[in-house]
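The file model14.cif comes next; it holds mmCIF, C-alpha atoms.
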```
data_upload
loop_
_atom_site.label_atom_id
_atom_site.label_comp_id
_atom_site.auth_asym_id
_atom_site.auth_seq_id
_atom_site.Cartn_x
_atom_site.Cartn_y
_atom_site.Cartn_z
CA MET G 1 0.00 0.00 0.00
CA SER G 2 1.19 3.49 -0.75
CA GLN G 3 2.66 5.47 2.13
CA GLU G 4 1.19 8.67 0.67
CA GLY G 5 -1.94 8.17 2.74
CA ASN G 6 -4.77 5.80 3.46
CA LEU G 7 -7.77 6.20 1.14
CA GLU G 8 -9.82 3.51 2.88
CA ALA G 9 -12.12 4.02 5.86
CA PRO G 10 -10.13 4.03 9.10
CA THR G 11 -10.36 0.89 11.19
CA ARG G 12 -9.55 0.39 14.85
CA HIS G 13 -7.54 -2.36 16.53
CA PRO G 14 -8.69 -3.60 19.95
CA LEU G 15 -6.64 -2.31 22.87
CA ASP G 16 -4.41 -4.96 24.42
CA TRP G 17 -4.74 -3.26 27.79
CA LYS G 18 -4.46 -6.41 29.90
CA ASN G 19 -1.01 -7.18 28.51
CA PRO G 20 1.74 -6.08 30.98
CA ASP G 21 3.63 -4.54 28.05
CA PHE G 22 0.79 -2.06 27.65
CA TYR G 23 1.93 -0.40 30.88
CA ASP G 24 5.67 -0.59 30.21
CA THR G 25 6.90 3.03 30.29
CA ALA G 26 9.84 2.53 27.93
CA LYS G 27 7.77 0.66 25.34
CA THR G 28 4.97 3.19 25.59
CA GLN G 29 7.40 6.07 25.10
CA ALA G 30 8.95 4.32 22.10
CA GLU G 31 5.50 4.05 20.49
CA MET G 32 4.80 7.69 21.34
CA GLU G 33 8.02 8.73 19.62
CA ARG G 34 7.16 6.65 16.54
CA ILE G 35 3.71 8.25 16.34
CA PHE G 36 4.96 11.78 17.06
CA ASP G 37 7.62 11.53 14.36
CA ILE G 38 4.99 10.66 11.76
CA CYS G 39 2.70 13.45 13.00
CA HIS G 40 5.44 16.06 12.88
CA GLY G 41 6.18 15.10 9.28
CA CYS G 42 2.53 15.46 8.29
CA ARG G 43 1.06 18.25 10.46
CA ARG G 44 -2.49 18.03 9.08
CA CYS G 45 -3.83 18.15 12.66
CA PHE G 46 -2.12 21.44 13.59
CA ASN G 47 -5.45 23.19 14.24
CA LEU G 48 -7.38 20.53 16.16
CA CYS G 49 -6.23 20.79 19.78
CA ASN G 50 -3.23 21.98 21.74
CA ALA G 51 -1.41 18.62 21.68
CA PHE G 52 -0.27 19.10 18.09
CA PRO G 53 0.93 22.74 18.23
CA LEU G 54 2.84 21.91 21.44
CA LEU G 55 4.54 18.98 19.72
CA PHE G 56 5.29 20.80 16.46
CA ASP G 57 6.60 23.92 18.21
CA ALA G 58 8.89 21.76 20.35
CA VAL G 59 10.31 20.05 17.26
CA ASP G 60 10.77 23.37 15.47
CA ALA G 61 12.63 24.76 18.47
CA THR G 62 15.37 22.09 18.23
CA PRO G 63 18.60 22.86 16.34
CA LEU G 64 17.90 20.35 13.57
CA GLY G 65 14.10 20.35 13.71
CA GLU G 66 13.96 16.66 14.55
CA LEU G 67 11.94 14.78 17.17
CA PRO G 68 14.86 12.96 18.89
CA GLN G 69 16.14 16.34 20.08
CA VAL G 70 12.90 17.16 21.92
CA PRO G 71 13.20 16.66 25.71
CA LYS G 72 11.44 13.46 26.81
CA THR G 73 9.55 15.32 29.53
CA LEU G 74 7.90 17.49 26.90
CA LEU G 75 6.63 14.42 25.05
CA TRP G 76 4.65 13.53 28.15
CA GLU G 77 3.29 17.08 28.31
CA VAL G 78 1.72 16.40 24.91
CA VAL G 79 -0.21 13.56 26.55
CA ASP G 80 -1.74 16.00 29.05
CA GLN G 81 -2.97 18.21 26.19
CA CYS G 82 -4.89 15.36 24.53
CA TYR G 83 -8.48 15.01 25.74
CA LEU G 84 -9.34 12.02 23.53
CA CYS G 85 -11.84 13.81 21.30
CA ASP G 86 -10.86 11.31 18.54
CA MET G 87 -11.14 13.93 15.80
CA CYS G 88 -7.58 13.45 14.54
CA TYR G 89 -8.18 9.74 13.98
CA MET G 90 -11.61 9.96 12.40
CA THR G 91 -11.37 13.05 10.23
CA LYS G 92 -7.78 14.09 9.57
CA CYS G 93 -5.18 11.34 9.72
CA PRO G 94 -4.12 9.69 6.42
CA TYR G 95 -2.04 7.05 8.23
CA THR G 96 -4.67 5.20 10.25
CA PRO G 97 -5.07 1.43 9.78
CA PRO G 98 -5.14 -0.25 7.29
CA HIS G 99 -2.20 2.00 6.32
CA PRO G 100 1.07 0.23 7.28
CA PHE G 101 2.05 3.15 9.53
CA ASN G 102 -0.79 1.95 11.79
CA LEU G 103 -1.13 5.33 13.48
CA ASP G 104 -3.66 5.76 16.28
CA PHE G 105 -2.82 8.99 18.08
CA PRO G 106 -5.72 9.08 20.59
CA HIS G 107 -5.31 5.47 21.70
CA THR G 108 -1.55 5.96 22.02
CA MET G 109 -2.36 8.89 24.29
CA LEU G 110 -4.84 6.68 26.16
CA ARG G 111 -2.09 4.12 26.71
CA ALA G 112 0.21 6.85 28.00
CA LYS G 113 -2.52 8.10 30.36
CA ALA G 114 -2.97 4.52 31.63
CA VAL G 115 0.78 4.34 32.28
CA GLN G 116 0.62 7.63 34.16
CA PHE G 117 -2.36 6.43 36.19
CA LYS G 118 -0.53 3.25 37.21
CA ALA G 119 2.39 5.45 38.27
CA GLY G 120 0.12 7.53 40.51
CA LYS G 121 0.22 10.75 38.48
CA PRO G 122 -3.47 11.79 38.76
CA ASN G 123 -4.03 13.98 41.80
CA PHE G 124 -7.02 14.29 44.13
CA ARG G 125 -8.72 16.84 41.86
CA ASP G 126 -8.48 14.61 38.80
CA LYS G 127 -9.90 11.61 40.63
CA LEU G 128 -12.64 13.74 42.17
CA LEU G 129 -13.77 15.37 38.91
CA THR G 130 -13.96 12.01 37.13
CA SER G 131 -16.05 10.42 39.89
CA THR G 132 -19.18 11.89 38.36
CA ASP G 133 -21.63 9.42 39.87
CA ALA G 134 -20.26 9.74 43.41
CA LEU G 135 -20.11 13.53 43.11
CA GLY G 136 -23.65 13.68 41.81
CA LYS G 137 -25.08 11.50 44.56
CA LEU G 138 -23.47 13.68 47.23
CA ALA G 139 -24.12 17.06 45.62
CA SER G 140 -27.79 16.35 44.88
CA ILE G 141 -28.72 15.64 48.51
CA PRO G 142 -31.46 18.24 49.25
CA VAL G 143 -29.58 20.15 51.99
CA VAL G 144 -26.16 19.75 50.37
CA VAL G 145 -27.23 20.84 46.89
CA GLU G 146 -27.92 24.45 47.91
CA MET G 147 -24.50 24.75 49.52
CA VAL G 148 -22.68 23.18 46.55
CA ASN G 149 -24.39 25.47 44.04
CA ALA G 150 -23.73 28.53 46.24
CA VAL G 151 -20.04 27.62 46.56
CA ASN G 152 -19.74 27.15 42.79
CA ARG G 153 -21.23 30.63 42.19
CA ASN G 154 -19.28 32.53 44.86
CA SER G 155 -16.17 34.37 43.65
CA LEU G 156 -14.34 34.04 46.98
CA THR G 157 -14.82 30.29 47.32
CA ARG G 158 -14.00 29.85 43.64
CA ALA G 159 -10.70 31.64 44.17
CA VAL G 160 -9.94 29.21 47.00
CA MET G 161 -10.87 26.26 44.77
CA ASP G 162 -8.53 27.60 42.11
CA ARG G 163 -5.59 27.82 44.54
CA THR G 164 -6.19 24.56 46.41
CA LEU G 165 -7.86 22.20 43.92
CA GLY G 166 -6.83 23.63 40.58
CA ILE G 167 -10.41 24.23 39.39
CA HIS G 168 -10.30 27.53 37.50
CA LYS G 169 -12.10 30.36 39.23
CA ASP G 170 -13.66 31.67 36.01
CA ARG G 171 -14.97 28.39 34.65
CA GLN G 172 -18.76 28.30 34.76
CA LEU G 173 -19.70 25.05 36.46
CA PRO G 174 -22.94 23.10 36.10
CA THR G 175 -25.51 23.33 38.86
CA TYR G 176 -26.77 20.26 40.70
CA SER G 177 -30.42 19.39 41.16
CA ALA G 178 -32.05 17.77 44.16
CA LYS G 179 -34.86 16.73 41.81
CA THR G 180 -32.75 14.28 39.85
CA PHE G 181 -33.94 12.73 36.62
CA HIS G 182 -34.49 9.32 38.15
CA LYS G 183 -36.53 10.85 40.99
CA THR G 184 -38.79 12.89 38.73
CA ALA G 185 -39.03 10.93 35.46
CA ARG G 186 -42.32 9.19 34.70
CA PRO G 187 -41.74 7.20 31.50
CA GLN G 188 -44.80 5.94 29.66
CA GLU G 189 -44.84 2.27 28.73
CA SER G 190 -48.48 1.82 27.69
CA PHE G 191 -48.20 2.74 24.00
CA ALA G 192 -48.48 0.00 21.41
CA VAL G 193 -45.10 -1.05 20.04
CA ARG G 194 -44.60 0.01 16.41
CA ASP G 195 -41.39 -1.53 15.12
CA GLY G 196 -39.98 0.00 11.97
CA ALA G 197 -37.80 -1.53 9.30
CA ARG G 198 -34.82 0.32 10.81
CA THR G 199 -35.82 0.80 14.46
CA PRO G 200 -37.28 -1.12 17.38
CA GLY G 201 -40.52 0.49 18.53
CA LYS G 202 -39.68 0.68 22.24
CA VAL G 203 -36.79 2.42 23.99
CA LEU G 204 -34.68 1.98 27.10
CA VAL G 205 -33.22 5.35 28.19
CA TYR G 206 -29.80 5.35 29.86
CA ALA G 207 -29.90 8.79 31.43
CA THR G 208 -26.17 9.40 32.19
CA CYS G 209 -24.69 11.06 35.29
CA TYR G 210 -24.97 14.55 33.81
CA ILE G 211 -28.65 14.30 32.90
CA ASN G 212 -29.51 12.66 36.21
CA TYR G 213 -27.74 15.11 38.53
CA ASN G 214 -27.13 18.33 36.57
CA GLU G 215 -29.73 18.96 33.88
CA PRO G 216 -32.61 16.52 34.40
CA GLY G 217 -34.81 18.78 32.25
CA ILE G 218 -33.04 17.51 29.13
CA GLY G 219 -33.94 13.94 30.03
CA LEU G 220 -37.53 14.94 30.80
CA ASP G 221 -37.76 16.64 27.41
CA LEU G 222 -36.54 13.43 25.80
CA LEU G 223 -39.33 11.50 27.51
CA LYS G 224 -41.89 14.07 26.33
CA VAL G 225 -40.68 13.79 22.73
CA LEU G 226 -40.77 9.99 22.89
CA ALA G 227 -44.27 10.05 24.39
CA HIS G 228 -45.45 12.49 21.71
CA ASN G 229 -44.31 9.89 19.19
CA GLU G 230 -46.12 7.16 21.14
CA ILE G 231 -42.97 5.18 21.86
CA PRO G 232 -43.00 3.03 25.02
CA VAL G 233 -40.09 3.89 27.31
CA ARG G 234 -38.33 2.32 30.25
CA LEU G 235 -35.41 3.54 32.35
CA LEU G 236 -32.39 1.55 33.44
CA ASP G 237 -32.58 0.76 37.16
CA LYS G 238 -29.49 1.65 39.19
CA GLU G 239 -27.43 2.73 36.21
CA ALA G 240 -23.75 3.49 36.79
CA CYS G 241 -21.45 5.96 35.01
CA CYS G 242 -20.62 4.92 31.44
CA GLY G 243 -16.90 5.11 32.28
CA MET G 244 -15.80 7.85 29.85
CA PRO G 245 -14.42 10.17 32.58
CA LYS G 246 -12.32 7.33 33.99
CA LEU G 247 -11.19 6.34 30.51
CA GLU G 248 -9.92 9.87 29.92
CA LEU G 249 -8.04 9.60 33.21
CA GLY G 250 -6.43 6.30 32.18
CA ASP G 251 -8.15 4.34 34.97
CA LEU G 252 -9.00 1.28 32.88
CA GLU G 253 -9.65 -0.98 35.85
CA ARG G 254 -12.45 1.31 37.00
CA VAL G 255 -13.80 1.36 33.44
CA ALA G 256 -13.99 -2.44 33.64
CA GLU G 257 -15.85 -2.25 36.96
CA LEU G 258 -18.43 0.17 35.54
CA LYS G 259 -18.83 -1.98 32.44
CA ALA G 260 -19.61 -4.95 34.68
CA LEU G 261 -22.38 -2.92 36.37
CA ASN G 262 -24.03 -1.63 33.20
CA ILE G 263 -23.57 -4.08 30.35
CA PRO G 264 -25.49 -7.13 31.70
CA LYS G 265 -28.58 -5.01 32.42
CA LEU G 266 -28.40 -3.19 29.08
CA ALA G 267 -27.87 -6.44 27.17
CA GLN G 268 -30.93 -7.96 28.83
CA MET G 269 -33.06 -5.03 27.65
CA VAL G 270 -31.75 -5.53 24.10
CA ARG G 271 -32.76 -9.18 24.25
CA GLU G 272 -36.24 -8.00 25.27
CA GLY G 273 -36.46 -5.97 22.08
CA TYR G 274 -35.58 -2.47 23.29
CA ALA G 275 -33.52 0.12 21.46
CA LEU G 276 -31.00 1.69 23.85
CA MET G 277 -30.72 5.48 23.95
CA THR G 278 -28.45 7.92 25.74
CA PRO G 279 -28.69 11.71 25.31
CA ILE G 280 -24.99 12.49 25.97
CA PRO G 281 -22.64 11.90 22.98
CA SER G 282 -19.65 10.93 25.13
CA CYS G 283 -21.67 8.17 26.77
CA SER G 284 -22.97 6.82 23.47
CA LEU G 285 -19.40 6.84 22.10
CA MET G 286 -18.26 4.90 25.16
CA PHE G 287 -20.76 2.12 24.54
CA LYS G 288 -20.48 2.15 20.75
CA GLN G 289 -16.70 2.36 20.35
CA GLU G 290 -14.51 2.35 23.44
CA LEU G 291 -15.97 -0.60 25.34
CA PRO G 292 -16.01 -2.83 22.23
CA LEU G 293 -12.32 -2.02 21.70
CA LEU G 294 -11.50 -2.71 25.35
CA PHE G 295 -13.56 -5.91 25.49
CA PRO G 296 -13.61 -7.25 21.91
CA ASP G 297 -14.46 -10.81 22.97
CA ASP G 298 -17.48 -9.93 25.12
CA PRO G 299 -20.67 -10.71 23.14
CA GLU G 300 -22.84 -8.61 25.45
CA VAL G 301 -20.67 -5.53 24.85
CA LYS G 302 -21.12 -6.06 21.11
CA LEU G 303 -24.87 -6.57 21.53
CA VAL G 304 -25.20 -3.29 23.43
CA ALA G 305 -23.04 -1.38 20.94
CA GLN G 306 -25.22 -2.50 18.03
CA ALA G 307 -28.47 -1.55 19.80
CA LEU G 308 -27.47 1.87 21.15
CA TYR G 309 -28.67 5.08 19.50
CA ASP G 310 -28.14 8.78 19.86
CA PRO G 311 -31.66 10.27 20.19
CA PHE G 312 -31.53 12.11 16.87
CA GLU G 313 -30.01 9.10 15.14
CA TYR G 314 -33.05 7.15 16.33
CA PHE G 315 -35.53 9.88 15.37
CA SER G 316 -33.96 10.15 11.91
CA LEU G 317 -34.40 6.42 11.37
CA ARG G 318 -37.99 6.62 12.63
CA HIS G 319 -38.57 9.39 10.10
CA ALA G 320 -37.15 7.15 7.35
CA ASP G 321 -39.56 4.44 8.52
CA GLY G 322 -42.45 6.91 8.25
CA LEU G 323 -43.07 6.73 12.01
CA LEU G 324 -41.90 10.15 13.23
CA ASN G 325 -44.50 12.76 14.17
CA THR G 326 -43.64 15.83 12.07
CA ASP G 327 -46.65 17.91 13.06
CA PHE G 328 -44.60 20.75 14.49
CA LYS G 329 -46.54 23.64 15.98
CA GLN G 330 -43.86 26.28 16.50
CA GLY G 331 -40.87 27.52 14.51
CA LEU G 332 -37.58 28.09 16.29
CA GLY G 333 -36.17 30.97 14.26
CA GLN G 334 -32.39 31.10 13.97
CA VAL G 335 -30.67 28.19 15.76
CA SER G 336 -26.88 28.17 16.10
CA TYR G 337 -26.13 24.48 16.46
CA HIS G 338 -22.75 23.08 17.52
CA VAL G 339 -21.87 19.48 16.64
CA PRO G 340 -19.84 17.92 19.49
CA CYS G 341 -16.65 16.03 18.61
CA HIS G 342 -17.85 12.84 20.32
CA LEU G 343 -20.92 12.90 18.09
CA ARG G 344 -19.05 13.69 14.88
CA VAL G 345 -16.69 10.73 15.29
CA GLN G 346 -19.61 8.29 15.48
CA ASN G 347 -19.97 8.68 11.70
CA MET G 348 -23.75 8.87 11.62
CA GLY G 349 -24.01 12.18 9.76
CA LEU G 350 -25.62 15.36 11.03
CA LYS G 351 -28.84 13.79 12.28
CA THR G 352 -29.64 16.53 14.79
CA ARG G 353 -29.39 19.19 12.10
CA GLU G 354 -31.52 17.09 9.72
CA LEU G 355 -34.31 16.82 12.29
CA LEU G 356 -34.21 20.49 13.30
CA GLN G 357 -34.40 21.49 9.64
CA LEU G 358 -37.70 19.63 9.36
CA ILE G 359 -39.26 22.25 11.65
CA PRO G 360 -40.98 25.03 9.65
CA GLY G 361 -39.77 28.53 10.46
CA THR G 362 -36.36 27.26 11.56
CA THR G 363 -32.92 28.03 10.13
CA VAL G 364 -29.94 26.07 11.44
CA ASN G 365 -26.44 27.57 11.48
CA THR G 366 -24.23 24.48 11.94
CA VAL G 367 -20.74 24.74 13.46
CA GLU G 368 -18.52 21.66 13.12
CA ARG G 369 -15.45 22.44 15.17
CA CYS G 370 -14.16 21.49 18.62
CA ALA G 371 -15.38 23.91 21.30
CA GLY G 372 -12.39 23.06 23.51
CA HIS G 373 -14.01 22.17 26.84
CA ASP G 374 -14.08 18.36 26.81
CA GLY G 375 -15.56 17.14 30.08
CA THR G 376 -13.25 17.85 32.98
CA TRP G 377 -10.27 19.06 30.88
CA GLY G 378 -11.46 22.65 30.44
CA VAL G 379 -12.37 22.93 34.14
CA LYS G 380 -8.75 22.61 35.26
CA SER G 381 -6.79 25.76 36.05
CA GLU G 382 -3.87 24.82 33.82
CA HIS G 383 -6.11 24.23 30.78
CA PHE G 384 -8.78 26.92 31.10
CA ALA G 385 -7.06 29.58 28.97
CA THR G 386 -6.23 27.03 26.28
CA SER G 387 -9.80 25.72 26.23
CA MET G 388 -11.09 29.26 25.63
CA LYS G 389 -8.51 29.80 22.88
CA ILE G 390 -9.47 26.56 21.14
CA GLY G 391 -13.13 27.54 21.37
CA ALA G 392 -12.69 31.11 20.11
CA PRO G 393 -13.52 30.33 16.44
CA VAL G 394 -16.62 28.45 17.59
CA PHE G 395 -17.74 31.33 19.82
CA LYS G 396 -17.48 33.69 16.84
CA ARG G 397 -19.28 31.46 14.35
CA MET G 398 -22.11 30.66 16.76
CA GLN G 399 -22.96 34.39 16.86
CA ASP G 400 -23.13 34.91 13.11
CA PRO G 401 -25.98 35.42 12.43
CA GLU G 402 -27.47 36.46 15.76
CA PRO G 403 -29.19 33.33 17.11
CA ASP G 404 -32.55 32.89 18.77
CA TYR G 405 -31.07 29.77 20.41
CA VAL G 406 -27.59 28.42 21.08
CA SER G 407 -27.67 24.63 21.04
CA SER G 408 -25.40 21.58 21.19
CA ASP G 409 -26.01 17.89 21.81
CA CYS G 410 -23.33 18.24 24.50
CA PRO G 411 -24.73 20.50 27.25
CA ILE G 412 -21.23 21.08 28.65
CA ALA G 413 -20.07 22.41 25.28
CA ALA G 414 -23.17 24.62 25.04
CA ARG G 415 -22.46 26.20 28.42
CA HIS G 416 -18.80 26.69 27.46
CA ILE G 417 -19.82 28.33 24.16
CA LEU G 418 -22.23 30.68 25.89
CA GLN G 419 -19.50 31.65 28.35
CA GLY G 420 -17.16 32.30 25.43
CA THR G 421 -19.63 34.51 23.59
CA GLN G 422 -20.14 36.63 26.73
CA LYS G 423 -23.74 37.07 25.58
CA THR G 424 -27.07 36.00 27.06
CA TYR G 425 -28.47 34.09 24.12
CA PRO G 426 -31.13 31.53 25.12
CA LYS G 427 -29.42 28.13 25.49
CA ALA G 428 -31.48 25.02 24.74
CA HIS G 429 -30.54 21.41 24.09
CA PRO G 430 -31.78 20.05 20.72
CA LEU G 431 -34.22 17.79 22.61
CA THR G 432 -35.65 20.87 24.31
CA LEU G 433 -35.95 22.51 20.90
CA MET G 434 -37.89 19.48 19.66
CA ARG G 435 -40.25 19.75 22.63
CA LEU G 436 -40.77 23.44 21.94
CA ALA G 437 -41.41 22.79 18.25
CA TYR G 438 -44.03 20.19 19.13
CA GLY G 439 -45.74 22.78 21.36
CA LEU G 440 -45.37 20.61 24.47
CA ASP G 441 -45.31 22.10 27.97
CA GLU G 442 -42.37 21.69 30.31
#
```
Any chance you could give the structure as structure tokens?
Amino acid sequence: MSQEGNLEAPTRHPLDWKNPDFYDTAKTQAEMERIFDICHGCRRCFNLCNAFPLLFDAVDATPLGELPQVPKTLLWEVVDQCYLCDMCYMTKCPYTPPHPFNLDFPHTMLRAKAVQFKAGKPNFRDKLLTSTDALGKLASIPVVVEMVNAVNRNSLTRAVMDRTLGIHKDRQLPTYSAKTFHKTARPQESFAVRDGARTPGKVLVYATCYINYNEPGIGLDLLKVLAHNEIPVRLLDKEACCGMPKLELGDLERVAELKALNIPKLAQMVREGYALMTPIPSCSLMFKQELPLLFPDDPEVKLVAQALYDPFEYFSLRHADGLLNTDFKQGLGQVSYHVPCHLRVQNMGLKTRELLQLIPGTTVNTVERCAGHDGTWGVKSEHFATSMKIGAPVFKRMQDPEPDYVSSDCPIAARHILQGTQKTYPKAHPLTLMRLAYGLDE
């Protein structure tokens, strides 16, 4: 095969993460150097995230402009700048498998993060921020929730958090809700099941930590849209975190523990004929891509991956089956819609945009570029300024033309974008926009 670049669709190799060599520092660094040398010779990813400019600038600063002259410590700094958005692999790189260079930048960074985790590099803050389920359970306790939200809004306590924990004082943080999704949701199961050629006619909703504890209204809007389309719905009892935050930390053992909690219950629902749905792109990516690559021989992981849908992916397929209610009552005007990286790399097309464009009186300004927040990465003091710099082009494009709504499938990205615009545009998740277009009450 030509070394000019891979013209075939990129494929992924399973991660051999249970092999002791996976955690060998010297072998991991050797693979990093092999990958970095190819990247520095190509440089197509210079504008994606800060990992690549840091690497390329370091190479350019050496006397001969060659990777071997770059200090080894700086190579590991590149790892800290990668937040596993996967965009370089899925949209930019010409050397992914089946090319003989076999280049997988994000999973090489994941391996390096796993090596760092084994070595004890993550601090208390990093472990705390990635324990989303535990944090949510504590912060949503009725008496505690008021204190947590007050602390997160107070400039004095935020300055202390910046100095002691390394959570940037200016980062707008999500609020917590005592009325969690699982406490307030009332899914309807009594509708007749209408299977389509492309879609099962009943849905199991996996809410995610964020929807459950931070913005339950998004999940409630999803249930309203499903009910309006007469789709029977169930919720997953005692769901655990999908594992994406721990994956990004390199804590693969904890990922395995969370997989053991979720997958058997989800697989059982698939066997009972349910489509699986999660409204957070990072969680759907975890089940569709990362867990199958971590556990390639587990048939239940594969079963879940094949049955899991993003909400708008599912609605688009229902529309193709002639089963989607398109009797919209209200136009939305000008919607500035951001496509999250973890949705783009799932290679399903722009399903959210397609559905929003079905709504009369609605114009969608679509922005396909990384907003720069990425889960916990943009919260950290050392990354905040970089996250805002990465997001700057998105902030600008989301304001042109002036929107009636700012929207993203990732609610964290939407909040980050609104902070970056420094405006007070109405922010609404695409599921909320669907509810509004249907004329449904909150």
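The space separating CA of Thr386 (chain G) from CA of Asp133 (chain G) comes to 27.1 Å.
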Applying the PyMOL selection byres ((chain G and resi 423-433) around 7) to the file I just gave you, which residues come out? Please list them as an MDAnalysis selection string. chainID G and resid 218 221:222 404:409 411 418 421:422 434:437
Selection export as a PDB file, in the frame of the given file, atoms kept: C-alpha atoms:
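Writing the result to result-v6.pdb gives the following:
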```pdb
ATOM      1  CA  ILE G 218     -33.040  17.510  29.130  1.00  0.00           C
ATOM      2  CA  ASP G 221     -37.760  16.640  27.410  1.00  0.00           C
ATOM      3  CA  LEU G 222     -36.540  13.430  25.800  1.00  0.00           C
ATOM      4  CA  ASP G 404     -32.550  32.890  18.770  1.00  0.00           C
ATOM      5  CA  TYR G 405     -31.070  29.770  20.410  1.00  0.00           C
ATOM      6  CA  VAL G 406     -27.590  28.420  21.080  1.00  0.00           C
ATOM      7  CA  SER G 407     -27.670  24.630  21.040  1.00  0.00           C
ATOM      8  CA  SER G 408     -25.400  21.580  21.190  1.00  0.00           C
ATOM      9  CA  ASP G 409     -26.010  17.890  21.810  1.00  0.00           C
ATOM     10  CA  PRO G 411     -24.730  20.500  27.250  1.00  0.00           C
ATOM     11  CA  LEU G 418     -22.230  30.680  25.890  1.00  0.00           C
ATOM     12  CA  THR G 421     -19.630  34.510  23.590  1.00  0.00           C
ATOM     13  CA  GLN G 422     -20.140  36.630  26.730  1.00  0.00           C
ATOM     14  CA  MET G 434     -37.890  19.480  19.660  1.00  0.00           C
ATOM     15  CA  ARG G 435     -40.250  19.750  22.630  1.00  0.00           C
ATOM     16  CA  LEU G 436     -40.770  23.440  21.940  1.00  0.00           C
ATOM     17  CA  ALA G 437     -41.410  22.790  18.250  1.00  0.00           C
TER      18      ALA G 437
END
```
Compare G:Asp57, G:Gln69, G:Thr11, G:Gln29 by their minimum atom-to-atom distance to Pro94 (chain G), counting all atoms listed in the file, and give me the closest one. G:Thr11
Check what the PyMOL selection byres ((chain G and resi 275-277) around 10) selects in the file above and give those residues as JSON, numbers by chain. {"G": [199, 200, 201, 202, 203, 204, 205, 206, 207, 233, 234, 235, 236, 266, 267, 269, 270, 271, 272, 273, 274, 278, 279, 280, 283, 284, 304, 305, 306, 307, 308, 309, 310, 311, 312, 313, 314]}
Would you write out those residues with C-alpha atoms, as a CSV table (one decimal), in the coordinates of the input?
```csv
chain,number,residue,atom,x,y,z
G,199,THR,CA,-35.8,0.8,14.5
G,200,PRO,CA,-37.3,-1.1,17.4
G,201,GLY,CA,-40.5,0.5,18.5
G,202,LYS,CA,-39.7,0.7,22.2
G,203,VAL,CA,-36.8,2.4,24.0
G,204,LEU,CA,-34.7,2.0,27.1
G,205,VAL,CA,-33.2,5.4,28.2
G,206,TYR,CA,-29.8,5.4,29.9
G,207,ALA,CA,-29.9,8.8,31.4
G,233,VAL,CA,-40.1,3.9,27.3
G,234,ARG,CA,-38.3,2.3,30.2
G,235,LEU,CA,-35.4,3.5,32.4
G,236,LEU,CA,-32.4,1.6,33.4
G,266,LEU,CA,-28.4,-3.2,29.1
G,267,ALA,CA,-27.9,-6.4,27.2
G,269,MET,CA,-33.1,-5.0,27.6
G,270,VAL,CA,-31.8,-5.5,24.1
G,271,ARG,CA,-32.8,-9.2,24.2
G,272,GLU,CA,-36.2,-8.0,25.3
G,273,GLY,CA,-36.5,-6.0,22.1
G,274,TYR,CA,-35.6,-2.5,23.3
G,278,THR,CA,-28.4,7.9,25.7
G,279,PRO,CA,-28.7,11.7,25.3
G,280,ILE,CA,-25.0,12.5,26.0
G,283,CYS,CA,-21.7,8.2,26.8
G,284,SER,CA,-23.0,6.8,23.5
G,304,VAL,CA,-25.2,-3.3,23.4
G,305,ALA,CA,-23.0,-1.4,20.9
G,306,GLN,CA,-25.2,-2.5,18.0
G,307,ALA,CA,-28.5,-1.6,19.8
G,308,LEU,CA,-27.5,1.9,21.2
G,309,TYR,CA,-28.7,5.1,19.5
G,310,ASP,CA,-28.1,8.8,19.9
G,311,PRO,CA,-31.7,10.3,20.2
G,312,PHE,CA,-31.5,12.1,16.9
G,313,GLU,CA,-30.0,9.1,15.1
G,314,TYR,CA,-33.0,7.2,16.3
```
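CA of Tyr438 (chain G) is positioned 23.9 Å from CA of His182 (chain G).
With all atoms listed in the file taken into account, the protein and nucleic acid residues at most 8 Å from Gln81 (chain G) (excluding it and anything under 6 positions from it in its own chain) are Cys49, Asn50 and Ala51 of chain G.
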Would you write out, as a PDB file with C-alpha atoms, in the frame of the given file, every residue that the PyMOL selection byres ((chain G and resi 376) around 9) captures in this file?
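Final output, expr.pdb:
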```pdb
ATOM      1  CA  ASP G 126      -8.480  14.610  38.800  1.00  0.00           C
ATOM      2  CA  LEU G 129     -13.770  15.370  38.910  1.00  0.00           C
ATOM      3  CA  THR G 130     -13.960  12.010  37.130  1.00  0.00           C
ATOM      4  CA  PRO G 245     -14.420  10.170  32.580  1.00  0.00           C
ATOM      5  CA  HIS G 373     -14.010  22.170  26.840  1.00  0.00           C
ATOM      6  CA  ASP G 374     -14.080  18.360  26.810  1.00  0.00           C
ATOM      7  CA  GLY G 375     -15.560  17.140  30.080  1.00  0.00           C
ATOM      8  CA  TRP G 377     -10.270  19.060  30.880  1.00  0.00           C
ATOM      9  CA  GLY G 378     -11.460  22.650  30.440  1.00  0.00           C
ATOM     10  CA  VAL G 379     -12.370  22.930  34.140  1.00  0.00           C
ATOM     11  CA  LYS G 380      -8.750  22.610  35.260  1.00  0.00           C
TER      12      LYS G 380
END
```
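The gap separating CA of Ile231 (chain G) from CA of Ser177 (chain G) is 27.1 Å, in Å to one decimal.
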